[in-house]
Each structure stands twice: as structure tokens, then as C-alpha cells.
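Note: the block below is target.txt and it holds compact mmCIF, C-alpha atoms.
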```txt
# COMPACT_ATOMS: atom_id res chain seq x y z
CA MET A 1 19.70 -86.91 -43.77
CA LYS A 2 19.62 -89.63 -41.10
CA ASN A 3 16.52 -88.05 -39.53
CA PHE A 4 14.54 -88.84 -42.69
CA ILE A 5 15.27 -92.57 -42.67
CA PRO A 6 12.20 -94.49 -41.36
CA ARG A 7 12.80 -96.13 -38.00
CA PRO A 8 11.38 -99.67 -37.84
CA TRP A 9 10.80 -99.57 -34.07
CA ILE A 10 8.44 -96.66 -34.67
CA LEU A 11 6.76 -97.85 -37.87
CA ILE A 12 6.08 -101.49 -36.98
CA PRO A 13 4.22 -100.94 -33.66
CA LYS A 14 2.25 -98.13 -35.31
CA ILE A 15 1.20 -100.34 -38.23
CA PHE A 16 -0.01 -103.07 -35.86
CA GLY A 17 -1.67 -100.59 -33.48
CA VAL A 18 0.36 -101.84 -30.53
CA ASN A 19 -0.14 -100.16 -27.15
CA LEU A 20 2.99 -100.03 -25.00
CA HIS A 21 1.76 -98.26 -21.88
CA CYS A 22 -1.24 -97.97 -19.60
CA GLU A 23 -2.43 -96.32 -16.40
CA ILE A 24 -2.48 -98.47 -13.27
CA LYS A 25 -5.64 -97.65 -11.34
CA GLY A 26 -6.97 -98.71 -7.97
CA ILE A 27 -4.16 -97.26 -5.83
CA GLU A 28 -4.82 -93.96 -4.05
CA ILE A 29 -2.05 -91.42 -4.56
CA GLU A 30 -1.63 -88.07 -2.79
CA LEU A 31 0.72 -86.13 -5.05
CA ASN A 32 1.28 -83.26 -2.62
CA LYS A 33 2.71 -85.62 0.00
CA ILE A 34 5.09 -87.13 -2.55
CA LYS A 35 6.22 -83.68 -3.66
CA ASP A 36 6.78 -82.60 -0.05
CA GLU A 37 8.96 -85.63 0.64
CA TYR A 38 10.87 -85.16 -2.61
CA LEU A 39 11.54 -81.46 -1.88
CA ASN A 40 12.64 -82.32 1.65
CA ILE A 41 15.26 -84.71 0.24
CA LEU A 42 16.52 -82.01 -2.12
CA LYS A 43 17.39 -79.77 0.82
CA ASN A 44 20.48 -81.92 1.45
CA GLU A 45 20.89 -84.15 -1.62
CA ASN A 46 21.68 -83.78 -5.31
CA PHE A 47 21.01 -85.99 -8.30
CA LYS A 48 23.86 -88.16 -9.53
CA ASP A 49 24.21 -88.79 -13.26
CA HIS A 50 22.48 -92.00 -14.24
CA SER A 51 24.79 -94.98 -14.80
CA GLY A 52 23.16 -95.94 -18.12
CA GLY A 53 24.81 -95.07 -21.40
CA ALA A 54 21.76 -93.57 -23.13
CA PHE A 55 22.78 -90.09 -22.09
CA LEU A 56 26.48 -89.37 -22.34
CA GLY A 57 26.64 -85.70 -21.41
CA GLY A 58 24.84 -85.46 -18.09
CA GLY A 59 21.28 -84.31 -17.49
CA TRP A 60 19.74 -87.66 -16.60
CA GLY A 61 20.09 -88.31 -12.89
CA ALA A 62 18.86 -90.44 -10.01
CA ILE A 63 18.47 -90.43 -6.23
CA GLY A 64 17.72 -93.87 -4.81
CA LEU A 65 15.19 -94.82 -2.16
CA LYS A 66 15.84 -98.54 -2.65
CA THR A 67 19.07 -99.63 -4.34
CA TYR A 68 21.48 -102.52 -4.55
CA GLY A 69 23.50 -102.22 -1.35
CA GLY A 70 21.40 -99.39 0.09
CA ASP A 71 23.49 -96.45 -1.16
CA PRO A 72 21.23 -93.70 -2.62
CA TYR A 73 23.88 -92.93 -5.24
CA ILE A 74 24.48 -96.49 -6.48
CA ASP A 75 22.08 -96.58 -9.40
CA TYR A 76 23.12 -99.73 -11.26
CA VAL A 77 22.05 -103.35 -10.80
CA ASP A 78 24.67 -105.21 -8.75
CA ASP A 79 24.09 -108.96 -8.57
CA LYS A 80 26.60 -109.21 -5.72
CA SER A 81 24.47 -106.99 -3.47
CA LYS A 82 20.92 -107.19 -2.18
CA ILE A 83 18.21 -104.60 -2.61
CA ALA A 84 17.96 -102.48 0.53
CA PRO A 85 16.29 -99.24 1.59
CA THR A 86 18.59 -96.23 1.54
CA ARG A 87 18.85 -93.74 4.38
CA LEU A 88 16.52 -91.47 2.38
CA LEU A 89 13.54 -93.83 2.43
CA GLY A 90 13.30 -93.25 6.16
CA GLN A 91 12.49 -89.60 5.36
CA CYS A 92 9.63 -90.64 3.07
CA LYS A 93 6.87 -92.02 5.27
CA TYR A 94 4.12 -91.54 2.70
CA ILE A 95 6.13 -92.97 -0.19
CA ASN A 96 7.06 -96.00 1.90
CA ASP A 97 3.37 -96.55 2.63
CA LEU A 98 2.60 -96.20 -1.09
CA LEU A 99 5.24 -98.80 -1.95
CA ASN A 100 3.65 -101.20 0.51
CA ARG A 101 0.28 -100.75 -1.21
CA ILE A 102 1.64 -101.54 -4.68
CA PRO A 103 1.75 -105.32 -5.20
CA GLY A 104 5.03 -107.12 -5.72
CA GLU A 105 8.45 -107.28 -4.09
CA LYS A 106 10.21 -103.99 -4.77
CA ASP A 107 13.48 -103.78 -6.65
CA ARG A 108 15.05 -100.36 -7.31
CA VAL A 109 12.96 -97.31 -6.37
CA ARG A 110 14.33 -93.96 -7.51
CA PHE A 111 13.55 -90.35 -8.12
CA MET A 112 14.84 -89.67 -11.62
CA GLU A 113 15.29 -86.35 -13.34
CA VAL A 114 15.70 -85.20 -16.91
CA LYS A 115 17.08 -81.67 -16.97
CA PRO A 116 15.77 -78.91 -19.26
CA SER A 117 16.89 -78.89 -22.89
CA THR A 118 18.32 -82.41 -22.69
CA LYS A 119 17.60 -85.70 -24.41
CA VAL A 120 17.81 -89.37 -23.49
CA PHE A 121 18.80 -91.37 -26.58
CA TRP A 122 16.84 -94.29 -27.98
CA HIS A 123 17.52 -97.41 -25.89
CA TYR A 124 15.67 -100.29 -24.25
CA ASP A 125 15.75 -102.18 -20.94
CA ASN A 126 15.33 -105.82 -21.80
CA ASN A 127 14.03 -107.21 -18.50
CA GLU A 128 11.49 -104.51 -17.64
CA THR A 129 8.35 -106.13 -19.07
CA ILE A 130 5.29 -108.06 -17.95
CA ASP A 131 4.81 -109.75 -21.31
CA ASP A 132 6.91 -112.83 -20.55
CA LEU A 133 4.76 -113.47 -17.45
CA ASP A 134 8.07 -114.20 -15.76
CA TYR A 135 7.65 -113.56 -12.05
CA ASN A 136 11.41 -113.08 -11.66
CA LYS A 137 11.24 -109.97 -13.85
CA ASN A 138 10.18 -106.45 -12.92
CA ALA A 139 7.39 -104.25 -14.06
CA ARG A 140 8.66 -100.68 -14.29
CA LEU A 141 6.10 -98.21 -12.95
CA HIS A 142 6.35 -94.44 -13.38
CA LEU A 143 4.70 -91.85 -11.15
CA PRO A 144 5.25 -88.37 -12.63
CA VAL A 145 5.92 -85.91 -9.80
CA ILE A 146 6.90 -82.78 -11.77
CA THR A 147 6.45 -82.67 -15.53
CA SER A 148 5.30 -80.52 -18.44
CA ASP A 149 3.51 -80.90 -21.76
CA GLU A 150 6.84 -79.97 -23.32
CA VAL A 151 8.46 -83.15 -22.00
CA LYS A 152 8.17 -85.99 -24.50
CA LEU A 153 8.58 -89.62 -23.44
CA PHE A 154 8.34 -91.78 -26.54
CA LEU A 155 7.76 -95.52 -26.36
CA CYS A 156 8.38 -96.43 -30.00
CA HIS A 157 5.56 -94.62 -31.82
CA GLN A 158 3.66 -93.47 -28.73
CA ASP A 159 4.03 -90.09 -27.03
CA THR A 160 2.97 -91.17 -23.54
CA LYS A 161 1.69 -87.79 -22.22
CA TRP A 162 1.64 -88.97 -18.61
CA THR A 163 0.02 -86.80 -15.93
CA GLU A 164 1.43 -85.80 -12.54
CA GLY A 165 0.15 -87.89 -9.64
CA LYS A 166 -0.96 -90.95 -11.62
CA LEU A 167 0.72 -94.35 -11.81
CA TYR A 168 1.71 -95.80 -15.18
CA TYR A 169 3.28 -98.90 -16.62
CA GLY A 170 5.43 -98.68 -19.72
CA ASP A 171 7.00 -101.61 -21.53
CA PHE A 172 10.56 -100.29 -21.51
CA SER A 173 11.85 -103.45 -23.14
CA PHE A 174 10.83 -101.59 -26.31
CA PRO A 175 12.97 -98.69 -27.57
CA HIS A 176 12.20 -95.42 -25.83
CA SER A 177 13.54 -91.88 -25.76
CA ILE A 178 12.97 -88.71 -23.73
CA ILE A 179 13.18 -85.10 -24.87
CA ASN A 180 12.80 -82.31 -22.31
CA ASN A 181 11.95 -79.15 -24.22
CA SER A 182 10.69 -77.43 -21.08
CA LYS A 183 12.45 -75.11 -18.64
CA ILE A 184 11.95 -77.40 -15.64
CA ASN A 185 13.51 -80.60 -14.33
CA ARG A 186 11.22 -83.50 -15.15
CA ILE A 187 10.93 -85.66 -12.03
CA HIS A 188 9.44 -89.16 -11.91
CA LEU A 189 9.28 -91.62 -9.04
CA ILE A 190 10.26 -94.88 -10.76
CA ILE A 191 9.29 -98.13 -9.07
CA ASP A 192 10.58 -101.52 -10.20
CA THR A 193 8.40 -104.23 -8.69
CA LYS A 194 8.36 -107.98 -9.19
CA ILE A 195 5.46 -109.25 -11.26
CA ASN A 196 2.76 -111.23 -9.48
CA ASP A 197 -0.94 -112.01 -9.91
CA ASP A 198 -2.10 -109.14 -7.70
CA LEU A 199 -0.12 -106.66 -9.78
CA LEU A 200 -1.40 -108.04 -13.08
CA ASN A 201 -4.96 -107.74 -11.80
CA LEU A 202 -4.50 -103.95 -11.77
CA PHE A 203 -3.75 -103.85 -15.51
CA PRO A 204 -6.51 -103.08 -18.01
CA LYS A 205 -7.71 -106.29 -19.68
CA GLU A 206 -7.24 -104.82 -23.15
CA PHE A 207 -3.58 -104.15 -22.37
CA LEU A 208 -3.01 -107.75 -21.26
CA GLN A 209 -4.70 -108.93 -24.43
CA GLY A 210 -1.94 -107.21 -26.39
CA ILE A 211 0.82 -109.43 -25.00
CA TYR A 212 0.87 -111.78 -28.01
CA ILE A 213 1.46 -109.12 -30.66
CA ARG A 214 3.98 -107.21 -28.50
CA LYS A 215 6.07 -110.36 -28.11
CA LYS A 216 5.92 -110.99 -31.86
CA ILE A 217 7.38 -107.63 -32.83
CA LYS A 218 9.69 -106.85 -29.89
CA LYS A 219 12.90 -108.44 -31.20
CA ILE A 220 12.52 -106.65 -34.53
CA CYS A 221 12.17 -103.33 -32.71
CA GLN A 222 15.17 -104.00 -30.47
CA ARG A 223 17.45 -105.25 -33.24
CA SER A 224 16.59 -102.41 -35.59
CA CYS A 225 17.40 -99.90 -32.83
CA ASN A 226 20.75 -101.63 -32.28
CA LEU A 227 21.49 -101.60 -36.01
CA PHE A 228 20.69 -97.90 -36.38
CA ARG A 229 23.00 -97.12 -33.46
CA LYS A 230 25.80 -99.25 -34.93
CA LEU A 231 25.42 -97.46 -38.26
CA LYS A 232 25.34 -94.10 -36.41
CA LEU A 233 21.89 -93.33 -37.79
CA ILE A 234 20.78 -92.40 -34.26
CA ASP A 235 22.64 -90.93 -31.30
CA GLY A 236 23.88 -93.04 -28.47
```
For this file, produce the structure as C-alpha cells.
Amino acid sequence: MKNFIPRPWILIPKIFGVNLHCEIKGIEIELNKIKDEYLNILKNENFKDHSGGAFLGGGWGAIGLKTYGGDPYIDYVDDKSKIAPTRLLGQCKYINDLLNRIPGEKDRVRFMEVKPSTKVFWHYDNNETIDDLDYNKNARLHLPVITSDEVKLFLCHQDTKWTEGKLYYGDFSFPHSIINNSKINRIHLIIDTKINDDLLNLFPKEFLQGIYIRKKIKKICQRSCNLFRKLKLIDG
């Protein structure tokens, strides 16, 4: 029954035609080199379950290249520690070069997986947005490394359908969910980078023009998601 109740965080952005993601162009990316460095890490490392509460049964994991304190398996934000490269970033010469070519001071940088036949519940990350034009906040960039058409990443009403080897921004301060219906591990390189003018210059103008309406509807989307979770109308 609960699946038939309309979800405001899906309906409202759809009614207003709000776009919550875009491709970031202008940065050359060699996917094969990223895959090679990722597979080299996997020879000796394993994913650790993500510290967030949006998946309670395992299946959503991370390996850090830059983390708070420099431990590849410390995935959470720790205000008592500083961001530092982990021992694994030294094995990723190409990725390190790519990070240097993306504008902004880097915060956490992680490979993240979603295992087959698993789901990440509806949730949001309040500070991961460019819309406040707050240069102390991060833009969260995704670079799909291994994915499938059967993996669904929903940002409110939008099925993102991101392609391997391209760089994307998603406004994850809006409710989002992931469903992996495929038989493979979905792997993204996720880059949190501080907002600055050079970074914003890479965004499509039409996306930046949508800031006003996104800010108007965001709190409604967040609060309705919280209410549905409290009433147990959604998982999480």
C-alpha cells in the first residue's frame, strides 16, 4: 500500500521541471587508466561498508583515496581530523593527476560500490550542493567507472543514466536512492571538491539558471522525505 502513496520529493521537482544533475565537460578523462588503477587496488584491498545509515544490511561500500585522517577505511567526516591522502592514492598516478585538473580543494575522494541486487534507501546529504554559492561547501562529482543500464540512481524524479568515463554533478542535497538490479558491482569514483569560480565555470549555464527554483523547493523535498521515513512509508 505504501508504494502507492505519492512522494512529494518526486512529484514537486517533476511538476516544476527541475533539473538536479548535469555533465561537467572540459576535463579530459581516460577511463581505461582509472579502471587499471582501481583494479590494481582491488588486488590487496576490499570495500568497507559505508558509514551512512541509508543502507543497513551491507552492500554499499567505500575505499578512500582522500579521507579524514588519511585512513582508506575511515569513510565518515571527522571534524577533529584533516583531509589527507591515503596510502592508496600513491598507487593512482593518473587519478591524482585528474584530481589536480578538477578545480577546487579536494575533500573526500572515494571509490564507492553498490553490490548486485541491493538498494540504497532514500536519503539526502545536506551540504553537497552548489546552489548556496557557499565556497565552504562541496560539490559532489561522480565519475562512473563500472556501471550498467540496470543500475538506477534516482535524484528525486530523475533517473540519471550516467555513462562510464564521464564526469557528473548531482545535487545530493535532494533526496536520492540507488537500485542495483544488475549482476555487477556498480563502481563510481566520487570526488568532493570545494566550490570556487573555476569549478562553476564548467557548469552548463542552464543548470546554474535553475538555482533559484531548486532552492525554493529543496526544504519541502527534504522534510517530506523525513516525514515518510518517520511514518515508515519508506525504508531507512
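With distances taken over all atoms listed in the file, A:Val114 is the one residue among A:Lys66, A:Ile29, A:Cys22, A:Val114 lying closest to His50 in chain A.
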Original post:
So which one's closest to Cys92 in chain A, A:Asp134, A:Asp79, A:Glu37, A:Asp49? Using all atoms listed in the file, please.
Top reply: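 Of A:Asp134, A:Asp79, A:Glu37, A:Asp49, the one nearest Cys92 in chain A, counting all atoms listed in the file, is A:Glu37.
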Subject >> Nearest to Asn126 in chain A by atom-to-atom distance, counting only C-alpha atoms, from A:Phe47, A:Phe16, A:Phe154, A:Phe172 >> reply: A:Phe172
Original post:
Hey, which of A:Asn226, A:Thr86, A:Ser177, A:Asn201 ends up closest to Gly69 in chain A? Count only C-alpha atoms.
Top reply: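 Ranking A:Asn226, A:Thr86, A:Ser177, A:Asn201 by distance to Gly69 in chain A, first place goes to A:Thr86.
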**OP:** Please measure the separation of CA of Lys166 in chain A and CA of Ile34 in chain A, giving the value in Å to one decimal.
**Re:**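 So the two atoms, CA of Lys166 in chain A and CA of Ile34 in chain A, lie 11.6 Å apart.
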**OP:** Between A:Leu39, A:Leu155, A:Ile27, A:Val145, single out the one closest to Asn100 in chain A, counting all atoms listed in the file.
**Re:** A:Ile27
Original post:
For Val77 in chain A, which residue among A:Asn44, A:Asn96, A:Asn127, A:Asn181 is the nearest when counting only C-alpha atoms?
Top reply: A:Asn127
**OP:** Could you pull out every residue with an atom within 12 Å of (-5.5, -103.7, -15.2), file coordinates, counting only C-alpha atoms, and send them as JSON, numbers by chain?
**Re:** {"A": [21, 22, 23, 24, 25, 26, 27, 130, 167, 168, 169, 197, 198, 199, 200, 201, 202, 203, 204, 205, 206, 207, 208, 209]}
**OP:** Dump as a list in words all residues having an atom at most 6 Å from (17.2, -86.1, -16.6), computed in the file's coordinates with all atoms listed in the file.
**Re:**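 Every polymer residue passing the test: Gly59, Trp60, Gly61, Glu113, Val114 and Lys115 of chain A.
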**OP:** For range 214-218 of chain A, work out the shell of residues within 7 Å, counting all atoms listed in the file and skipping chain neighbours fewer than 3 positions away, then give it as JSON, numbers by chain.
**Re:** {"A": [18, 131, 174, 210, 211, 221, 222]}
